[in-house]
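With PDB, C-alpha atoms, pLDDT in the B column inside, this is upload-v6.pdb:
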ATOM      1  CA  MET A   1     -28.391 -14.663   2.723  1.00 46.00           C
ATOM      2  CA  ALA A   2     -27.878 -12.489   5.843  1.00 43.00           C
ATOM      3  CA  ASP A   3     -28.920  -9.371   3.879  1.00 48.00           C
ATOM      4  CA  ASP A   4     -32.127 -11.126   2.845  1.00 53.00           C
ATOM      5  CA  ARG A   5     -32.938 -11.998   6.445  1.00 48.00           C
ATOM      6  CA  ASN A   6     -32.292  -8.407   7.531  1.00 48.00           C
ATOM      7  CA  THR A   7     -34.567  -7.108   4.791  1.00 56.00           C
ATOM      8  CA  PHE A   8     -37.352  -9.483   5.792  1.00 56.00           C
ATOM      9  CA  SER A   9     -36.965  -8.505   9.454  1.00 51.00           C
ATOM     10  CA  LEU A  10     -37.106  -4.795   8.594  1.00 53.00           C
ATOM     11  CA  VAL A  11     -40.217  -5.205   6.470  1.00 59.00           C
ATOM     12  CA  GLY A  12     -41.899  -7.263   9.170  1.00 58.00           C
ATOM     13  CA  ALA A  13     -41.085  -4.671  11.813  1.00 53.00           C
ATOM     14  CA  ALA A  14     -42.441  -1.895   9.578  1.00 59.00           C
ATOM     15  CA  ALA A  15     -45.691  -3.786   9.109  1.00 59.00           C
ATOM     16  CA  ILE A  16     -46.136  -4.312  12.855  1.00 57.00           C
ATOM     17  CA  LEU A  17     -45.304  -0.655  13.530  1.00 54.00           C
ATOM     18  CA  ALA A  18     -47.888   0.446  10.969  1.00 58.00           C
ATOM     19  CA  LEU A  19     -50.563  -1.609  12.732  1.00 53.00           C
ATOM     20  CA  VAL A  20     -49.637  -0.290  16.174  1.00 50.00           C
ATOM     21  CA  LEU A  21     -49.594   3.355  15.035  1.00 51.00           C
ATOM     22  CA  GLY A  22     -52.870   2.841  13.245  1.00 52.00           C
ATOM     23  CA  PHE A  23     -54.633   1.574  16.348  1.00 49.00           C
ATOM     24  CA  ALA A  24     -53.052   4.332  18.481  1.00 46.00           C
ATOM     25  CA  TYR A  25     -54.076   7.046  16.073  1.00 49.00           C
ATOM     26  CA  GLY A  26     -57.605   5.710  15.833  1.00 49.00           C
ATOM     27  CA  ALA A  27     -57.947   5.707  19.601  1.00 45.00           C
ATOM     28  CA  THR A  28     -57.420   9.533  19.765  1.00 47.00           C
ATOM     29  CA  PHE A  29     -60.657  10.256  17.900  1.00 47.00           C
ATOM     30  CA  ASN A  30     -63.729   9.665  20.029  1.00 47.00           C
ATOM     31  CA  SER A  31     -66.186  12.159  18.534  1.00 49.00           C
ATOM     32  CA  GLY A  32     -67.946  12.398  15.227  1.00 49.00           C
ATOM     33  CA  CYS A  33     -67.489  14.541  12.163  1.00 51.00           C
ATOM     34  CA  GLU A  34     -69.485  17.426  13.662  1.00 54.00           C
ATOM     35  CA  GLN A  35     -66.963  18.012  16.423  1.00 53.00           C
ATOM     36  CA  ILE A  36     -64.078  18.569  14.001  1.00 48.00           C
ATOM     37  CA  LYS A  37     -65.914  20.190  11.093  1.00 49.00           C
ATOM     38  CA  ASP A  38     -63.870  23.362  11.553  1.00 51.00           C
ATOM     39  CA  ALA A  39     -60.569  21.457  11.435  1.00 48.00           C
ATOM     40  CA  PRO A  40     -58.295  22.146   8.438  1.00 50.00           C
ATOM     41  CA  PHE A  41     -59.395  18.944   6.678  1.00 47.00           C
ATOM     42  CA  GLY A  42     -62.884  18.835   8.153  1.00 49.00           C
ATOM     43  CA  CYS A  43     -64.799  15.578   7.863  1.00 56.00           C
ATOM     44  CA  LEU A  44     -62.083  14.081   5.730  1.00 54.00           C
ATOM     45  CA  GLU A  45     -59.950  14.008   8.835  1.00 59.00           C
ATOM     46  CA  TRP A  46     -62.741  12.327  10.773  1.00 56.00           C
ATOM     47  CA  TRP A  47     -63.304   9.679   8.116  1.00 57.00           C
ATOM     48  CA  PHE A  48     -59.598   9.038   7.967  1.00 60.00           C
ATOM     49  CA  SER A  49     -59.493   8.646  11.745  1.00 61.00           C
ATOM     50  CA  ARG A  50     -62.517   6.345  11.615  1.00 59.00           C
ATOM     51  CA  TYR A  51     -61.078   4.002   8.975  1.00 59.00           C
ATOM     52  CA  GLN A  52     -57.366   4.512   9.406  1.00 65.00           C
ATOM     53  CA  THR A  53     -57.002   1.120  11.157  1.00 68.00           C
ATOM     54  CA  LEU A  54     -58.440  -0.596   8.090  1.00 63.00           C
ATOM     55  CA  ILE A  55     -56.162   1.475   5.872  1.00 64.00           C
ATOM     56  CA  ALA A  56     -53.193   0.529   8.035  1.00 69.00           C
ATOM     57  CA  MET A  57     -54.162  -3.152   7.785  1.00 71.00           C
ATOM     58  CA  PHE A  58     -54.267  -3.001   4.003  1.00 66.00           C
ATOM     59  CA  GLY A  59     -50.956  -1.175   4.066  1.00 68.00           C
ATOM     60  CA  ALA A  60     -49.469  -3.924   6.188  1.00 73.00           C
ATOM     61  CA  ILE A  61     -50.842  -6.543   3.806  1.00 74.00           C
ATOM     62  CA  PHE A  62     -49.312  -4.703   0.866  1.00 69.00           C
ATOM     63  CA  VAL A  63     -45.959  -4.466   2.639  1.00 71.00           C
ATOM     64  CA  ALA A  64     -46.145  -8.177   3.475  1.00 72.00           C
ATOM     65  CA  TRP A  65     -46.951  -8.948  -0.160  1.00 68.00           C
ATOM     66  CA  LEU A  66     -43.901  -7.001  -1.289  1.00 69.00           C
ATOM     67  CA  SER A  67     -41.765  -8.803   1.257  1.00 71.00           C
ATOM     68  CA  VAL A  68     -42.721 -12.260   0.014  1.00 70.00           C
ATOM     69  CA  GLN A  69     -42.000 -11.523  -3.647  1.00 67.00           C
ATOM     70  CA  PRO A  70     -38.281 -12.336  -3.316  1.00 71.00           C
ATOM     71  CA  VAL A  71     -39.236 -15.568  -1.541  1.00 68.00           C
ATOM     72  CA  LEU A  72     -41.682 -16.519  -4.304  1.00 65.00           C
ATOM     73  CA  LYS A  73     -39.090 -15.720  -6.929  1.00 67.00           C
ATOM     74  CA  GLN A  74     -36.553 -17.880  -5.122  1.00 67.00           C
ATOM     75  CA  LEU A  75     -39.055 -20.733  -4.877  1.00 67.00           C
ATOM     76  CA  LYS A  76     -39.763 -20.460  -8.598  1.00 64.00           C
ATOM     77  CA  LEU A  77     -36.050 -20.472  -9.342  1.00 62.00           C
ATOM     78  CA  SER A  78     -35.584 -23.491  -7.096  1.00 65.00           C
ATOM     79  CA  SER A  79     -38.440 -25.295  -8.900  1.00 63.00           C
ATOM     80  CA  LEU A  80     -36.850 -24.590 -12.263  1.00 63.00           C
ATOM     81  CA  GLN A  81     -33.478 -25.836 -11.049  1.00 66.00           C
ATOM     82  CA  THR A  82     -35.161 -29.025  -9.804  1.00 68.00           C
ATOM     83  CA  ALA A  83     -36.906 -29.421 -13.179  1.00 61.00           C
ATOM     84  CA  VAL A  84     -33.571 -29.076 -14.998  1.00 65.00           C
ATOM     85  CA  ALA A  85     -32.008 -31.726 -12.744  1.00 67.00           C
ATOM     86  CA  LEU A  86     -34.935 -34.156 -13.151  1.00 65.00           C
ATOM     87  CA  GLN A  87     -35.032 -33.621 -16.898  1.00 63.00           C
ATOM     88  CA  GLN A  88     -31.349 -34.559 -17.072  1.00 70.00           C
ATOM     89  CA  VAL A  89     -31.844 -37.590 -14.808  1.00 70.00           C
ATOM     90  CA  HIS A  90     -34.705 -38.951 -16.949  1.00 61.00           C
ATOM     91  CA  ALA A  91     -32.835 -38.241 -20.190  1.00 69.00           C
ATOM     92  CA  ASP A  92     -29.700 -40.025 -18.924  1.00 72.00           C
ATOM     93  CA  ARG A  93     -31.706 -43.021 -17.692  1.00 73.00           C
ATOM     94  CA  GLU A  94     -33.519 -43.240 -21.019  1.00 69.00           C
ATOM     95  CA  LYS A  95     -30.182 -43.348 -22.844  1.00 74.00           C
ATOM     96  CA  ARG A  96     -28.846 -46.022 -20.487  1.00 73.00           C
ATOM     97  CA  LEU A  97     -31.900 -48.205 -20.971  1.00 72.00           C
ATOM     98  CA  GLU A  98     -31.637 -47.891 -24.718  1.00 72.00           C
ATOM     99  CA  SER A  99     -27.898 -48.618 -24.774  1.00 75.00           C
ATOM    100  CA  TRP A 100     -27.982 -51.471 -22.245  1.00 77.00           C
ATOM    101  CA  LEU A 101     -31.332 -53.179 -22.669  1.00 77.00           C
ATOM    102  CA  LYS A 102     -32.134 -52.891 -26.357  1.00 79.00           C
ATOM    103  CA  PRO A 103     -29.119 -55.033 -27.356  1.00 86.00           C
ATOM    104  CA  GLU A 104     -30.058 -57.416 -24.545  1.00 88.00           C
ATOM    105  CA  LEU A 105     -33.592 -57.713 -25.904  1.00 89.00           C
ATOM    106  CA  ALA A 106     -32.246 -58.438 -29.385  1.00 91.00           C
ATOM    107  CA  ALA A 107     -30.067 -61.244 -27.972  1.00 93.00           C
ATOM    108  CA  LEU A 108     -32.980 -62.657 -25.959  1.00 94.00           C
ATOM    109  CA  ASP A 109     -35.299 -62.587 -28.965  1.00 94.00           C
ATOM    110  CA  LYS A 110     -32.680 -64.523 -30.922  1.00 95.00           C
ATOM    111  CA  LEU A 111     -32.398 -67.059 -28.085  1.00 95.00           C
ATOM    112  CA  SER A 112     -36.176 -67.507 -28.068  1.00 95.00           C
ATOM    113  CA  GLU A 113     -36.226 -68.004 -31.828  1.00 95.00           C
ATOM    114  CA  ASP A 114     -33.278 -70.423 -31.768  1.00 95.00           C
ATOM    115  CA  LEU A 115     -34.904 -72.512 -29.039  1.00 95.00           C
ATOM    116  CA  ALA A 116     -38.323 -72.718 -30.689  1.00 95.00           C
ATOM    117  CA  ARG A 117     -37.153 -73.212 -34.272  1.00 94.00           C
ATOM    118  CA  GLY A 118     -34.193 -75.432 -33.362  1.00 94.00           C
ATOM    119  CA  TYR A 119     -36.301 -77.847 -31.353  1.00 94.00           C
ATOM    120  CA  HIS A 120     -39.065 -77.916 -33.961  1.00 93.00           C
ATOM    121  CA  GLU A 121     -36.589 -78.730 -36.739  1.00 92.00           C
ATOM    122  CA  ARG A 122     -34.902 -81.547 -34.775  1.00 92.00           C
ATOM    123  CA  GLU A 123     -37.597 -83.020 -32.538  1.00 88.00           C
ATOM    124  CA  ASP A 124     -37.990 -86.099 -34.734  1.00 88.00           C
ATOM    125  CA  ASP A 125     -34.242 -86.622 -35.237  1.00 88.00           C
ATOM    126  CA  HIS A 126     -33.270 -88.418 -32.027  1.00 83.00           C
ATOM    127  CA  ALA A 127     -29.662 -88.743 -33.145  1.00 86.00           C
ATOM    128  CA  VAL A 128     -29.135 -84.995 -33.634  1.00 92.00           C
ATOM    129  CA  LEU A 129     -31.465 -83.566 -30.973  1.00 92.00           C
ATOM    130  CA  PRO A 130     -29.324 -84.491 -27.928  1.00 91.00           C
ATOM    131  CA  HIS A 131     -26.308 -82.685 -29.425  1.00 92.00           C
ATOM    132  CA  TRP A 132     -28.409 -79.612 -30.168  1.00 95.00           C
ATOM    133  CA  VAL A 133     -29.752 -79.662 -26.604  1.00 94.00           C
ATOM    134  CA  TRP A 134     -26.198 -79.789 -25.265  1.00 92.00           C
ATOM    135  CA  ASP A 135     -25.115 -76.824 -27.391  1.00 93.00           C
ATOM    136  CA  MET A 136     -28.185 -74.794 -26.412  1.00 95.00           C
ATOM    137  CA  TYR A 137     -27.565 -75.688 -22.770  1.00 94.00           C
ATOM    138  CA  GLN A 138     -24.264 -73.786 -22.984  1.00 94.00           C
ATOM    139  CA  THR A 139     -26.005 -70.794 -24.602  1.00 95.00           C
ATOM    140  CA  VAL A 140     -28.811 -70.745 -22.033  1.00 96.00           C
ATOM    141  CA  ASP A 141     -26.342 -70.910 -19.152  1.00 95.00           C
ATOM    142  CA  SER A 142     -24.225 -68.033 -20.498  1.00 95.00           C
ATOM    143  CA  THR A 143     -27.357 -65.945 -21.077  1.00 95.00           C
ATOM    144  CA  ARG A 144     -28.541 -66.599 -17.536  1.00 96.00           C
ATOM    145  CA  ASP A 145     -25.140 -65.643 -16.099  1.00 95.00           C
ATOM    146  CA  ARG A 146     -25.214 -62.381 -18.055  1.00 92.00           C
ATOM    147  CA  LEU A 147     -28.699 -61.546 -16.788  1.00 93.00           C
ATOM    148  CA  ILE A 148     -27.650 -62.257 -13.205  1.00 94.00           C
ATOM    149  CA  GLN A 149     -24.789 -59.786 -13.581  1.00 90.00           C
ATOM    150  CA  ARG A 150     -27.197 -57.177 -14.931  1.00 85.00           C
ATOM    151  CA  GLN A 151     -29.593 -57.895 -12.066  1.00 87.00           C
ATOM    152  CA  ASN A 152     -26.843 -57.399  -9.500  1.00 85.00           C
ATOM    153  CA  ARG A 153     -26.048 -54.014 -11.056  1.00 80.00           C
ATOM    154  CA  ASN A 154     -29.708 -52.935 -10.678  1.00 75.00           C
ATOM    155  CA  LEU A 155     -30.103 -51.955 -14.317  1.00 68.00           C
ATOM    156  CA  GLY A 156     -33.661 -50.783 -14.887  1.00 72.00           C
ATOM    157  CA  GLY A 157     -36.718 -49.970 -12.783  1.00 77.00           C
ATOM    158  CA  SER A 158     -38.718 -52.212 -10.471  1.00 84.00           C
ATOM    159  CA  GLU A 159     -40.826 -53.735 -13.268  1.00 88.00           C
ATOM    160  CA  ILE A 160     -37.737 -54.519 -15.316  1.00 88.00           C
ATOM    161  CA  THR A 161     -36.053 -56.020 -12.253  1.00 90.00           C
ATOM    162  CA  ALA A 162     -39.046 -58.262 -11.519  1.00 93.00           C
ATOM    163  CA  ALA A 163     -39.371 -59.380 -15.154  1.00 94.00           C
ATOM    164  CA  ARG A 164     -35.637 -60.052 -15.387  1.00 93.00           C
ATOM    165  CA  GLN A 165     -35.682 -62.117 -12.185  1.00 94.00           C
ATOM    166  CA  ASN A 166     -38.589 -64.156 -13.527  1.00 96.00           C
ATOM    167  CA  LEU A 167     -36.633 -64.786 -16.731  1.00 96.00           C
ATOM    168  CA  ILE A 168     -33.537 -65.793 -14.741  1.00 96.00           C
ATOM    169  CA  ASP A 169     -35.611 -68.334 -12.784  1.00 97.00           C
ATOM    170  CA  ILE A 170     -37.143 -69.789 -15.958  1.00 97.00           C
ATOM    171  CA  LEU A 171     -33.748 -70.022 -17.668  1.00 97.00           C
ATOM    172  CA  GLY A 172     -32.552 -71.879 -14.585  1.00 96.00           C
ATOM    173  CA  ARG A 173     -35.362 -74.399 -15.013  1.00 96.00           C
ATOM    174  CA  ILE A 174     -34.711 -74.995 -18.715  1.00 96.00           C
ATOM    175  CA  SER A 175     -30.988 -75.249 -17.961  1.00 95.00           C
ATOM    176  CA  ASN A 176     -31.648 -78.038 -15.460  1.00 94.00           C
ATOM    177  CA  CYS A 177     -34.005 -79.671 -17.943  1.00 95.00           C
ATOM    178  CA  MET A 178     -31.366 -79.625 -20.685  1.00 94.00           C
ATOM    179  CA  SER A 179     -28.749 -80.986 -18.299  1.00 91.00           C
ATOM    180  CA  ASP A 180     -31.030 -83.890 -17.384  1.00 91.00           C
ATOM    181  CA  TYR A 181     -31.887 -84.395 -21.087  1.00 90.00           C
ATOM    182  CA  ASN A 182     -28.437 -85.929 -21.676  1.00 83.00           C
ATOM    183  CA  GLY A 183     -28.140 -87.530 -18.254  1.00 77.00           C
ATOM    184  CA  SER A 184     -27.529 -91.020 -19.691  1.00 75.00           C
ATOM    185  CA  VAL A 185     -24.191 -89.782 -21.028  1.00 70.00           C
ATOM    186  CA  TYR A 186     -22.968 -89.488 -17.449  1.00 63.00           C
ATOM    187  CA  ALA A 187     -24.675 -92.714 -16.385  1.00 61.00           C
ATOM    188  CA  ASP A 188     -22.712 -94.729 -18.949  1.00 63.00           C
ATOM    189  CA  ASP A 189     -19.391 -93.087 -18.109  1.00 60.00           C
ATOM    190  CA  PRO A 190     -17.290 -95.475 -15.937  1.00 64.00           C
ATOM    191  CA  GLU A 191     -15.479 -92.469 -14.473  1.00 65.00           C
ATOM    192  CA  TYR A 192     -18.504 -91.666 -12.306  1.00 64.00           C
ATOM    193  CA  ASP A 193     -18.928 -95.260 -10.998  1.00 69.00           C
ATOM    194  CA  LEU A 194     -22.655 -94.851 -10.370  1.00 69.00           C
ATOM    195  CA  SER A 195     -24.827 -97.394  -8.618  1.00 74.00           C
ATOM    196  CA  ASP A 196     -27.829 -98.978 -10.280  1.00 75.00           C
ATOM    197  CA  GLU A 197     -30.092 -96.795  -8.133  1.00 82.00           C
ATOM    198  CA  ASP A 198     -28.286 -93.649  -9.254  1.00 77.00           C
ATOM    199  CA  LYS A 199     -28.523 -94.729 -12.889  1.00 78.00           C
ATOM    200  CA  ALA A 200     -32.251 -95.361 -12.484  1.00 84.00           C
ATOM    201  CA  LYS A 201     -32.741 -91.844 -11.094  1.00 87.00           C
ATOM    202  CA  ILE A 202     -30.761 -90.364 -13.980  1.00 84.00           C
ATOM    203  CA  ASP A 203     -32.821 -92.305 -16.528  1.00 85.00           C
ATOM    204  CA  GLU A 204     -36.036 -91.152 -14.850  1.00 90.00           C
ATOM    205  CA  ALA A 205     -34.875 -87.522 -14.878  1.00 90.00           C
ATOM    206  CA  GLU A 206     -33.888 -87.840 -18.545  1.00 90.00           C
ATOM    207  CA  LEU A 207     -37.289 -89.184 -19.536  1.00 91.00           C
ATOM    208  CA  LYS A 208     -38.978 -86.360 -17.674  1.00 94.00           C
ATOM    209  CA  ALA A 209     -36.659 -83.779 -19.280  1.00 93.00           C
ATOM    210  CA  ARG A 210     -37.443 -85.055 -22.777  1.00 92.00           C
ATOM    211  CA  LYS A 211     -41.137 -84.716 -21.987  1.00 94.00           C
ATOM    212  CA  ASP A 212     -40.861 -81.280 -20.339  1.00 95.00           C
ATOM    213  CA  LEU A 213     -38.451 -79.566 -22.740  1.00 95.00           C
ATOM    214  CA  PRO A 214     -41.123 -78.193 -25.150  1.00 95.00           C
ATOM    215  CA  ASP A 215     -42.994 -76.618 -22.243  1.00 96.00           C
ATOM    216  CA  ARG A 216     -39.762 -75.151 -20.859  1.00 96.00           C
ATOM    217  CA  ILE A 217     -39.010 -73.606 -24.266  1.00 96.00           C
ATOM    218  CA  ASP A 218     -42.480 -72.042 -24.331  1.00 96.00           C
ATOM    219  CA  GLU A 219     -41.921 -70.663 -20.815  1.00 97.00           C
ATOM    220  CA  VAL A 220     -38.711 -68.995 -21.943  1.00 97.00           C
ATOM    221  CA  SER A 221     -40.499 -67.382 -24.882  1.00 96.00           C
ATOM    222  CA  VAL A 222     -43.266 -66.014 -22.640  1.00 96.00           C
ATOM    223  CA  ALA A 223     -40.781 -64.715 -20.053  1.00 96.00           C
ATOM    224  CA  ILE A 224     -38.715 -62.962 -22.727  1.00 96.00           C
ATOM    225  CA  ASN A 225     -41.856 -61.290 -24.091  1.00 95.00           C
ATOM    226  CA  LYS A 226     -42.799 -60.084 -20.595  1.00 95.00           C
ATOM    227  CA  PHE A 227     -39.300 -58.746 -20.078  1.00 94.00           C
ATOM    228  CA  GLY A 228     -39.540 -56.874 -23.380  1.00 91.00           C
ATOM    229  CA  GLU A 229     -42.913 -55.422 -22.357  1.00 92.00           C
ATOM    230  CA  ALA A 230     -41.452 -54.246 -19.032  1.00 90.00           C
ATOM    231  CA  VAL A 231     -38.578 -52.526 -20.852  1.00 86.00           C
ATOM    232  CA  ALA A 232     -40.978 -50.867 -23.307  1.00 85.00           C
ATOM    233  CA  THR A 233     -43.221 -49.663 -20.451  1.00 87.00           C
ATOM    234  CA  ASP A 234     -40.294 -48.231 -18.504  1.00 80.00           C
ATOM    235  CA  LEU A 235     -38.949 -46.462 -21.587  1.00 79.00           C
ATOM    236  CA  ARG A 236     -42.383 -45.067 -22.410  1.00 80.00           C
ATOM    237  CA  GLU A 237     -42.804 -43.671 -18.875  1.00 80.00           C
ATOM    238  CA  LEU A 238     -39.316 -42.186 -18.931  1.00 75.00           C
ATOM    239  CA  ARG A 239     -39.977 -40.483 -22.261  1.00 75.00           C
ATOM    240  CA  MET A 240     -43.249 -39.029 -20.954  1.00 77.00           C
ATOM    241  CA  LYS A 241     -41.522 -37.625 -17.862  1.00 75.00           C
ATOM    242  CA  ARG A 242     -38.602 -36.290 -19.854  1.00 72.00           C
ATOM    243  CA  ARG A 243     -40.912 -34.628 -22.404  1.00 74.00           C
ATOM    244  CA  PHE A 244     -42.932 -33.069 -19.571  1.00 72.00           C
ATOM    245  CA  TYR A 245     -39.817 -31.393 -18.213  1.00 68.00           C
ATOM    246  CA  ASP A 246     -38.696 -30.514 -21.750  1.00 71.00           C
ATOM    247  CA  GLN A 247     -41.966 -28.659 -22.329  1.00 72.00           C
ATOM    248  CA  MET A 248     -41.847 -27.073 -18.883  1.00 70.00           C
ATOM    249  CA  LEU A 249     -38.349 -25.716 -19.435  1.00 68.00           C
ATOM    250  CA  ALA A 250     -39.079 -24.710 -23.034  1.00 72.00           C
ATOM    251  CA  SER A 251     -41.992 -22.539 -21.859  1.00 70.00           C
ATOM    252  CA  THR A 252     -39.848 -20.788 -19.245  1.00 66.00           C
ATOM    253  CA  ASP A 253     -37.432 -17.958 -19.874  1.00 54.00           C
ATOM    254  CA  LEU A 254     -34.442 -19.403 -18.048  1.00 49.00           C
ATOM    255  CA  SER A 255     -32.264 -16.373 -18.748  1.00 47.00           C
ATOM    256  CA  GLY A 256     -34.859 -14.201 -17.073  1.00 49.00           C
ATOM    257  CA  GLU A 257     -34.757 -16.414 -14.016  1.00 48.00           C
ATOM    258  CA  GLY A 258     -31.042 -16.013 -13.464  1.00 46.00           C
ATOM    259  CA  MET A 259     -30.166 -19.466 -14.796  1.00 47.00           C
ATOM    260  CA  GLU A 260     -28.142 -18.431 -17.814  1.00 45.00           C
TER     261      GLU A 260
END

Could you render the structure from this file as structure tokens?
Amino acid sequence: MADDRNTFSLVGAAAILALVLGFAYGATFNSGCEQIKDAPFGCLEWWFSRYQTLIAMFGAIFVAWLSVQPVLKQLKLSSLQTAVALQQVHADREKRLESWLKPELAALDKLSEDLARGYHEREDDHAVLPHWVWDMYQTVDSTRDRLIQRQNRNLGGSEITAARQNLIDILGRISNCMSDYNGSVYADDPEYDLSDEDKAKIDEAELKARKDLPDRIDEVSVAINKFGEAVATDLRELRMKRRFYDQMLASTDLSGEGME
């Protein structure tokens, strides 16, 4: 690095010296071509003296251009190194999303199907439906806990995070709804020793839960679809970025850039 700085300083000094000498040399010629026509180089010498400052300027520009070539090469090399790093980052993130979120989406799609089909098959069987609701309550709660853990680990981009949080909130609402759905079980249990007012509140919450459950199931289905769309969008953007860097690196001779 020190050698590079010395080289740049030397080239810069040479350029400045060329300009100074050019102006000094030009200042020594005050007459025209006629006054030096008998000189060894005749008018050529006069024309050179007349335009030597311009020649010196172009020489300085050429020297400056040569001096910046190593800098430009280093910048190009740095850009390629950055492209390699970003390509690897996007490729790794794409693999993580596929390995972490695709199985999650499959499990969520199954939950959505089980909720919709299970309720539809049992909605008229009031003896079986409460037991199914209780079983699905356990499944919904475990799914929500798993999503919260994933959310805390910041898996995915901002759109995935927002869609996952929305799904967590909606699963919380259907979980409360399913808990209230079988509230009378607790109201009739002498272990809880509830007052008549408490029992009335539980009965009211149960009636509301039985009415709201279909809508809560639909909300879960919509939220899962939005989460899946967010995952697909993030994966699509990652693939586009990764392919861009793939093409960029494929069109560059890395061995010729000192990156072998």

Inset, instruction - Go ahead and compute the interatomic distance for CA of Glu159 in chain A and CA of Thr139 in chain A, in Å to one decimal. - result: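 Interatomic distance here is 25.3 Å.
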
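Picture a line from CA of Thr233 in chain A to CA of Val140 in chain A; it runs 25.6 Å.
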
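One finds CA of Arg210 in chain A at 16.7 Å from CA of Ile170 in chain A.
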
Legend entry - Residue IDs satisfying the PyMOL selection byres ((chain A and resi 174) around 10), as a list of chain:residue names: A:Tyr137, A:Val140, A:Asp141, A:Asp169, A:Ile170, A:Leu171, A:Gly172, A:Arg173, A:Ser175, A:Asn176, A:Cys177, A:Met178, A:Ser179, A:Asp180, A:Ala209, A:Asp212, A:Leu213, A:Pro214, A:Asp215, A:Arg216, A:Ile217, A:Glu219, A:Val220

Inset, instruction - Would you please work out which residue, of A:Glu197, A:Asp218, A:Glu98, A:Asp135, is nearest to Glu113 in chain A when using all atoms listed in the file? - result: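 Residue with the minimum atom-to-atom distance to Glu113 in chain A: A:Asp218.
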
Inset, instruction - Would you kindly translate the PyMOL selection byres ((chain A and resi 132) around 12) into the concrete residues it picks from this file, as a PyMOL selection string? - result: chain A and resi 114-115+117-123+125-131+133-139+178-179+181-182

Centre, x/y/z edge lengths, axis-aligned box for range 96-101 of chain A with 4 Å per side, as AutoDock Vina command-line options:
--center_x -29.9 --center_y -49.6 --center_z -22.6 --size_x 12.0 --size_y 15.2 --size_z 12.3

Legend entry - Nearby residues (only C-alpha atoms) at most 12 Å from Gln149 in chain A, same-chain spacing under 6 positions excluded, as JSON, numbers by chain: {"A": [142, 143, 155, 161, 164, 165, 168]}

Inset, instruction - Considering only C-alpha atoms, state which residue in the set A:Val89, A:Ile160, A:Lys95, A:Pro70 is at the smallest distance from Lys226 in chain A. - result: A:Ile160

Inset, instruction - Identify the residues within 7 Å of coordinate (-38.5, -49.4, -16.4) (same frame as the file), considering all atoms listed in the file, and give the answer as a list in words. - result: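 Checking each residue against the 7 Å limit leaves Gly156, Gly157, Ser158, Glu159, Ile160, Ala230, Val231, Thr233, Asp234 and Leu235 of chain A.
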
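With distances taken over all atoms listed in the file, A:Ala163 is the one residue among A:Asp124, A:Leu97, A:Met248, A:Ala163 lying closest to Ile224 in chain A.
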